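A.B. asks: Here you go, this is my_file.txt (compact mmCIF, C-alpha atoms).
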```txt
# COMPACT_ATOMS: atom_id res chain seq x y z
CA MET A 1 141.36 156.38 35.95
CA ALA A 2 142.23 157.02 39.58
CA ILE A 3 139.24 159.33 39.96
CA GLY A 4 136.99 156.70 38.37
CA PHE A 5 138.29 154.11 40.82
CA VAL A 6 137.60 156.38 43.79
CA LEU A 7 134.10 157.18 42.52
CA MET A 8 133.32 153.50 41.95
CA VAL A 9 134.45 152.51 45.43
CA GLY A 10 132.49 155.42 46.93
CA ALA A 11 129.34 154.45 45.03
CA ILE A 12 129.60 150.83 46.13
CA GLY A 13 130.15 151.90 49.76
CA ALA A 14 127.19 154.28 49.67
CA GLY A 15 124.99 151.59 48.15
CA LEU A 16 125.92 149.08 50.84
CA ALA A 17 125.33 151.62 53.61
CA GLY A 18 121.94 152.50 52.11
CA LEU A 19 120.99 148.84 51.93
CA ALA A 20 121.80 148.26 55.60
CA THR A 21 119.95 151.42 56.69
CA THR A 22 116.83 150.56 54.68
CA GLY A 23 116.70 147.10 56.27
CA LEU A 24 116.91 148.52 59.78
CA ASN A 25 114.28 151.21 59.08
CA SER A 26 111.81 148.77 57.55
CA ARG A 27 112.13 146.48 60.58
CA ASN A 28 111.34 149.37 62.92
CA ASN A 29 108.36 150.36 60.75
CA LEU A 30 107.11 146.79 60.84
CA GLU A 31 107.22 146.80 64.63
CA THR A 32 105.45 150.17 64.85
CA VAL A 33 102.64 149.06 62.53
CA ARG A 34 102.20 145.75 64.36
CA ASN A 35 102.01 147.42 67.78
CA ARG A 36 99.51 149.98 66.48
CA GLU A 37 97.29 147.29 64.95
CA TYR A 38 97.20 145.26 68.16
CA ALA A 39 96.61 148.39 70.25
CA ALA A 40 93.57 149.11 68.03
CA ASP A 41 92.53 145.48 68.30
CA GLY A 42 92.73 145.66 72.11
CA ALA A 43 90.80 148.94 72.19
CA ILE A 44 87.95 147.40 70.18
CA GLU A 45 87.91 144.38 72.52
CA GLU A 46 87.64 146.88 75.37
CA ALA A 47 84.78 148.70 73.61
CA ILE A 48 82.91 145.43 72.94
CA THR A 49 83.13 144.54 76.62
CA GLN A 50 81.76 147.96 77.58
CA VAL A 51 78.95 147.89 75.01
CA ARG A 52 77.73 144.54 76.39
CA GLY A 53 76.23 146.44 79.28
CA TYR A 54 74.42 149.06 77.17
CA ALA A 55 70.97 149.09 75.62
CA CYS A 56 70.12 149.69 71.97
CA THR A 57 70.71 153.42 72.34
CA PRO A 58 73.98 153.58 74.23
CA ALA A 59 74.73 156.45 76.58
CA ILE A 60 78.34 156.52 75.47
CA THR A 61 79.52 156.08 71.88
CA SER A 62 83.29 156.34 72.18
CA LEU A 63 86.27 155.59 74.37
CA VAL A 64 89.98 156.36 74.39
CA ASP A 65 92.24 153.50 75.43
CA THR A 66 95.83 154.32 76.38
CA SER A 67 96.58 151.09 78.21
CA ILE A 68 98.49 149.47 75.31
CA ASP A 69 99.71 152.25 73.05
CA SER A 70 101.11 155.35 74.73
CA THR A 71 99.61 157.62 72.05
CA GLY A 72 96.18 156.09 72.65
CA ILE A 73 93.50 154.57 70.46
CA ARG A 74 90.06 156.13 70.04
CA VAL A 75 87.10 153.84 69.31
CA ASP A 76 83.77 155.20 68.08
CA TRP A 77 80.72 153.05 67.57
CA SER A 78 77.21 153.25 66.20
CA SER A 79 74.31 150.94 67.03
CA THR A 80 71.20 149.78 65.25
CA CYS A 81 68.55 147.46 66.62
CA PRO A 82 66.43 146.24 63.71
CA PHE A 83 63.86 143.43 63.86
CA VAL A 84 65.14 140.44 61.92
CA THR A 85 63.29 137.30 60.89
CA ALA A 86 64.82 133.92 61.63
CA SER A 87 64.50 130.86 59.39
CA ASP A 88 61.55 129.66 61.53
CA GLU A 89 59.77 133.00 60.88
CA THR A 90 60.40 134.19 64.44
CA ARG A 91 60.99 137.95 64.63
CA TYR A 92 63.47 139.24 67.15
CA LEU A 93 65.57 142.31 67.89
CA GLN A 94 69.16 142.14 66.79
CA ARG A 95 71.68 144.65 68.15
CA ASN A 96 74.31 145.45 65.53
CA VAL A 97 77.24 147.65 66.49
CA ILE A 98 79.96 148.92 64.17
CA PHE A 99 83.23 149.86 65.87
CA SER A 100 85.96 152.02 64.29
CA ALA A 101 89.38 152.42 65.90
CA CYS A 102 91.76 155.28 65.07
CA GLU A 103 94.72 156.92 66.76
CA SER A 104 93.46 159.18 69.53
CA THR A 105 94.87 162.28 67.86
CA VAL A 106 91.58 162.62 65.94
CA ALA A 107 88.43 164.16 67.46
CA VAL A 108 86.12 161.52 65.95
CA CYS A 109 87.19 158.29 64.27
CA ASP A 110 86.26 158.47 60.59
CA PRO A 111 85.42 154.88 59.49
CA THR A 112 87.20 155.46 56.16
CA LYS A 113 90.43 156.27 58.02
CA ALA A 114 90.13 153.62 60.73
CA ILE A 115 92.95 151.24 61.61
CA ILE A 116 90.40 148.50 62.33
CA GLN A 117 86.67 148.36 61.74
CA ALA A 118 84.54 145.63 63.29
CA GLN A 119 80.87 144.72 63.15
CA VAL A 120 79.52 142.83 66.13
CA ASN A 121 76.08 141.41 66.93
CA PHE A 122 74.99 141.18 70.56
CA GLU A 123 72.44 138.60 71.64
CA PRO A 124 69.95 139.20 73.06
CA ALA A 125 69.56 142.79 71.89
CA THR A 126 68.22 143.97 75.24
CA GLY A 127 68.99 142.82 78.75
CA ALA A 128 72.05 140.80 79.75
CA VAL A 129 74.08 139.78 76.71
CA THR A 130 74.98 136.11 76.64
CA LYS A 131 76.72 135.91 73.26
CA THR A 132 78.59 138.18 70.89
CA PHE A 133 79.03 137.39 67.20
CA ILE A 134 81.87 138.96 65.24
CA GLN A 135 80.40 139.59 61.79
CA SER A 136 83.48 141.27 60.35
CA TRP A 137 86.89 142.39 61.58
CA SER A 138 88.81 144.42 59.01
CA VAL A 139 92.35 145.64 59.52
CA LYS A 140 92.46 148.57 57.15
CA ARG A 141 95.94 150.03 57.57
CA MET B 1 167.41 158.11 39.07
CA ARG B 2 165.26 157.42 36.05
CA ALA B 3 167.00 157.95 32.74
CA ARG B 4 165.28 159.93 30.04
CA GLY B 5 163.13 157.65 27.86
CA ASP B 6 162.74 154.89 30.50
CA VAL B 7 159.20 153.60 30.95
CA GLY B 8 157.59 151.80 33.94
CA GLU B 9 157.04 152.51 37.61
CA THR B 10 159.41 152.66 40.53
CA LEU B 11 159.17 150.00 43.22
CA ILE B 12 157.79 152.48 45.74
CA GLU B 13 154.98 153.47 43.33
CA VAL B 14 154.02 149.84 42.77
CA LEU B 15 154.05 149.11 46.50
CA PHE B 16 151.97 152.20 47.21
CA THR B 17 149.39 151.16 44.63
CA ILE B 18 149.22 147.63 46.03
CA VAL B 19 148.65 149.00 49.55
CA ILE B 20 145.86 151.34 48.40
CA VAL B 21 144.09 148.65 46.37
CA SER B 22 144.41 146.18 49.25
CA LEU B 23 142.93 148.64 51.73
CA THR B 24 140.06 149.40 49.36
CA VAL B 25 139.27 145.73 48.74
CA ALA B 26 139.49 145.00 52.48
CA SER B 27 137.06 147.81 53.32
CA LEU B 28 134.63 146.67 50.62
CA LEU B 29 134.72 143.10 51.90
CA SER B 30 134.17 144.37 55.42
CA SER B 31 131.17 146.41 54.21
CA LEU B 32 129.77 143.36 52.46
CA GLY B 33 130.11 141.40 55.71
CA THR B 34 128.30 144.15 57.63
CA VAL B 35 125.49 144.27 55.07
CA SER B 36 125.21 140.50 55.17
CA ARG B 37 124.88 140.57 58.97
CA ALA B 38 122.34 143.41 58.73
CA GLY B 39 120.36 141.35 56.22
CA ALA B 40 120.37 138.34 58.53
CA ALA B 41 119.22 140.53 61.43
CA HIS B 42 116.48 142.01 59.25
CA ARG B 43 115.31 138.55 58.17
CA SER B 44 115.30 137.40 61.77
CA GLY B 45 113.33 140.50 62.78
CA VAL B 46 110.70 139.85 60.12
CA GLN B 47 110.44 136.21 61.22
CA ALA B 48 110.07 137.34 64.83
CA ASP B 49 107.28 139.68 63.74
CA VAL B 50 105.47 136.78 62.07
CA VAL B 51 105.96 134.60 65.16
CA MET B 52 104.61 137.41 67.37
CA ARG B 53 101.51 137.87 65.20
CA ASN B 54 100.84 134.12 65.00
CA TYR B 55 101.30 133.73 68.75
CA ALA B 56 98.97 136.67 69.44
CA GLU B 57 96.31 135.20 67.13
CA ALA B 58 96.72 131.75 68.71
CA THR B 59 96.23 133.32 72.16
CA LYS B 60 93.10 135.20 71.08
CA ALA B 61 91.73 132.11 69.35
CA ALA B 62 92.33 130.01 72.48
CA VAL B 63 90.15 132.38 74.51
CA GLN B 64 87.46 132.59 71.80
CA GLN B 65 87.27 128.81 71.46
CA GLN B 66 87.84 127.61 75.03
CA CYS B 67 86.21 130.29 77.20
CA VAL B 68 82.66 129.31 76.23
CA GLY B 69 79.92 127.31 77.88
CA GLY B 70 81.01 128.23 81.38
CA ALA B 71 84.65 127.17 80.97
CA SER B 72 86.92 129.08 83.33
CA THR B 73 90.40 128.46 81.93
CA PHE B 74 92.19 128.36 78.60
CA THR B 75 95.49 127.04 77.29
CA VAL B 76 97.30 128.40 74.25
CA VAL B 77 98.43 125.79 71.73
CA TYR B 78 101.22 127.22 69.60
CA GLN B 79 104.35 125.60 68.18
CA GLN B 80 106.96 128.27 67.51
CA PRO B 81 109.62 127.78 64.80
CA ASP B 82 113.01 126.32 65.79
CA GLY B 83 115.22 128.78 67.62
CA PHE B 84 112.39 131.04 68.77
CA ALA B 85 110.98 131.19 72.30
CA VAL B 86 107.59 132.62 73.26
CA THR B 87 106.03 133.52 76.60
CA GLY B 88 102.54 134.80 77.34
CA ALA B 89 99.49 133.27 78.95
CA ALA B 90 100.37 130.38 81.26
CA THR B 91 98.80 126.95 80.80
CA GLY B 92 95.34 126.97 82.38
CA SER B 93 95.06 130.77 82.59
CA ALA B 94 91.76 132.16 83.86
CA CYS B 95 89.26 133.28 81.24
CA PRO B 96 88.61 137.05 81.32
CA ILE B 97 85.39 138.01 83.12
CA THR B 98 82.82 139.11 80.52
CA THR B 99 81.74 142.26 82.34
CA ALA B 100 85.07 143.36 83.80
CA VAL B 101 86.30 146.66 82.36
CA PRO B 102 88.94 147.75 81.74
CA LEU B 103 90.42 144.57 80.33
CA THR B 104 93.87 143.70 81.61
CA PRO B 105 96.54 143.78 78.89
CA LEU B 106 98.53 140.57 78.47
CA GLN B 107 102.21 140.89 77.61
CA LEU B 108 103.60 138.56 74.94
CA LYS B 109 107.33 138.05 74.46
CA VAL B 110 109.16 136.52 71.51
CA THR B 111 112.90 135.85 71.61
CA ASP B 112 114.57 135.27 68.25
CA PRO B 113 117.57 132.97 67.66
CA GLN B 114 119.97 135.91 68.12
CA GLY B 115 118.49 136.60 71.56
CA ARG B 116 116.67 139.77 70.53
CA GLN B 117 113.42 140.10 72.44
CA LEU B 118 110.17 141.58 71.13
CA THR B 119 107.32 142.47 73.45
CA MET B 120 103.72 143.36 72.66
CA PHE B 121 100.50 143.74 74.60
CA ILE B 122 97.13 142.33 73.60
CA LYS B 123 93.70 142.30 75.24
CA LEU B 124 91.62 139.17 75.60
CA ARG B 125 87.84 139.04 75.81
CA THR B 126 85.54 136.17 76.63
CA PRO B 127 82.97 135.89 73.81
```
Show how you would write the structure in this file as structure tokens.

C.D. replies:
Amino acid sequence: MAIGFVLMVGAIGAGLAGLATTGLNSRNNLETVRNREYAADGAIEEAITQVRGYACTPAITSLVDTSIDSTGIRVDWSSTCPFVTASDETRYLQRNVIFSACESTVAVCDPTKAIIQAQVNFEPATGAVTKTFIQSWSVKR
Amino acid sequence: MRARGDVGETLIEVLFTIVIVSLTVASLLSSLGTVSRAGAAHRSGVQADVVMRNYAEATKAAVQQQCVGGASTFTVVYQQPDGFAVTGAATGSACPITTAVPLTPLQLKVTDPQGRQLTMFIKLRTP
């Protein structure tokens, strides 16, 4: 009976300690994930600002931003400039760019493993951009 | 001296048992208190995370909505929950320049009711 009592008290103590530890760990994980998401978000904002100045075929298609997250975020992007037809039958060039942000430990950001993927339209497609349209902004992990 | 055939416990045995059980119950209650405080801290941390995310989104939305049509300043409108304090972009902050790279990170701070402070950086872009 005495051994049972000791075991019961030990089990309860271990359970309580585990509960407290899990809570602390999950809070730290939450903070890490949030900081990583917003670092990726900031890196894509940085990339959008850079791409404003490029033409349909950009000279550079990636950047690594270490200004928010010390490990760094890598953003890769691909552009297309198709002719689209507006509702009034006017045809014009539309510059569509898809950005993918990953941790900078990878050589190239695979869109399927991206932290954030965003599709942005730049208007006009050539020359000085006056507007950007966010078509999608997906936080993937 | 206990006579042969007597049953029961001596006073010292009973006292010893009471002391051990008391110590055990006291330590369990203390552990429960610690876990309760850890739970409260965890809940507060999760709430602070939500406040930080909402404040960051409110800041980004303020720039997206107000820095258009030649406007040069923006003001973040965000009402934090009771007990929380937030600091970030000042009222009437300058809109980011559209062509300026690299963008300057903005530091956001959230202080929870227990005084614990969270910080995070975001980047703002004029649309």

A.B. asks: So that I can see what lies close to stretch 17-21 of chain B, please list as JSON, numbers by chain the residues with an atom at most 12 Å from it, counting all atoms listed in the file and leaving out residues fewer than 6 positions away in the same chain.

C.D. replies: {"A": [2, 5, 6, 9], "B": [9, 10, 11, 27, 28]}

A.B. asks: Given the selection you just returned, output its residues as a file containing C-alpha atoms, formatted as a tab-separated table (two decimals), in the frame of the given file.

C.D. replies:
```
chain	number	residue	atom	x	y	z
A	2	ALA	CA	142.23	157.02	39.58
A	5	PHE	CA	138.29	154.11	40.82
A	6	VAL	CA	137.60	156.38	43.79
A	9	VAL	CA	134.45	152.51	45.43
B	9	GLU	CA	157.04	152.51	37.61
B	10	THR	CA	159.41	152.66	40.53
B	11	LEU	CA	159.17	150.00	43.22
B	27	SER	CA	137.06	147.81	53.32
B	28	LEU	CA	134.63	146.67	50.62
```

A.B. asks: Go through A:Met8, A:Val108, A:Leu93, A:Ala55 and flag the residue nearest chain B, using all atoms listed in the file for the distances.

C.D. replies: A:Met8

A.B. asks: My list of candidates is A:Thr130, A:Ser87, A:Ser62, A:Asn96. Which is closest to B:Thr98 when distances are computed with all atoms listed in the file?

C.D. replies: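 Closest to B:Thr98 of all the choices is A:Thr130.
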
A.B. asks: Hey, could you make a per-residue contact list for chain B against chain A with 9 Å as the cut-off, showing the nearest pair of atoms and its distance in Å to one decimal, counting all atoms listed in the file, sorted by chain and number, as CSV?

C.D. replies:
```
residue,atom,partner,partner_atom,distance
B:Thr24,CA,A:Val9,CA,7.5
B:Val25,CA,A:Val9,CA,9.0
B:Ser27,CA,A:Gly13,CA,8.8
B:Leu28,CA,A:Gly13,CA,6.9
B:Ser31,CA,A:Leu16,CA,6.8
B:Leu32,CA,A:Leu16,CA,7.1
B:Thr34,CA,A:Ala20,CA,8.0
B:Val35,CA,A:Ala20,CA,5.5
B:Ser36,CA,A:Ala20,CA,8.5
B:Arg37,CA,A:Ala20,CA,8.9
B:Ala38,CA,A:Ala20,CA,5.8
B:Gly39,CA,A:Gly23,CA,6.8
B:Ala41,CA,A:Leu24,CA,8.5
B:His42,CA,A:Gly23,CA,5.9
B:Arg43,CA,A:Gly23,CA,8.9
B:Gly45,CA,A:Arg27,CA,6.5
B:Val46,CA,A:Arg27,CA,6.8
B:Asp49,CA,A:Glu31,CA,7.2
B:Arg53,CA,A:Arg34,CA,8.0
B:Ala56,CA,A:Tyr38,CA,8.9
B:Thr98,CA,A:Thr49,CA,6.7
B:Thr99,CA,A:Thr49,CA,6.3
B:Ala100,CA,A:Thr49,CA,7.5
B:Val101,CA,A:Gln50,CA,6.7
B:Pro102,CA,A:Glu46,CA,6.6
B:Leu103,CA,A:Glu46,CA,6.1
B:Thr104,CA,A:Ser67,CA,8.6
B:Pro105,CA,A:Ile68,CA,7.0
B:Leu118,CA,A:Glu31,CA,8.8
B:Met120,CA,A:Asn35,CA,6.6
B:Phe121,CA,A:Ile68,CA,6.1
B:Ile122,CA,A:Gly42,CA,5.7
B:Lys123,CA,A:Gly42,CA,4.7
B:Leu124,CA,A:Glu45,CA,7.1
B:Arg125,CA,A:Glu45,CA,6.3
B:Thr126,CA,A:Thr49,CA,8.7
B:Pro127,CA,A:Thr132,CA,5.7
```

A.B. asks: In Å, rounded to a single decimal, give me how far atom CA of A:Ile115 is from atom CA of B:Leu108.

C.D. replies: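 Distance between the two atoms: 21.3 Å.
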
A.B. asks: Select, from B:Gly115, B:Gly92, B:Gly8, B:Pro81, the residue with the minimum atom-to-atom distance to B:Val50, counting all atoms listed in the file.

C.D. replies: B:Pro81

A.B. asks: Please, what distance in Å, to one decimal, runs between atom CA of A:Thr57 and atom CA of A:Ile98?

C.D. replies: 13.1 Å

A.B. asks: Distance atom CA of B:Leu106-atom CA of A:Tyr54, one decimal place?

C.D. replies: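 Result for atom CA of B:Leu106 versus atom CA of A:Tyr54: 25.6 Å, one decimal.
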
A.B. asks: For a quick check of your reading of the model, name the residues lying within 10 Å of the coordinate (84.7, 130.2, 80.2), counting only C-alpha atoms, and write them as a list in words.

C.D. replies: Val63, Gln64, Gln65, Gln66, Cys67, Val68, Gly69, Gly70, Ala71, Ser72, Thr73, Phe74, Ala94, Cys95, Pro96, Ile97, Thr98, Thr126 and Pro127 of chain B
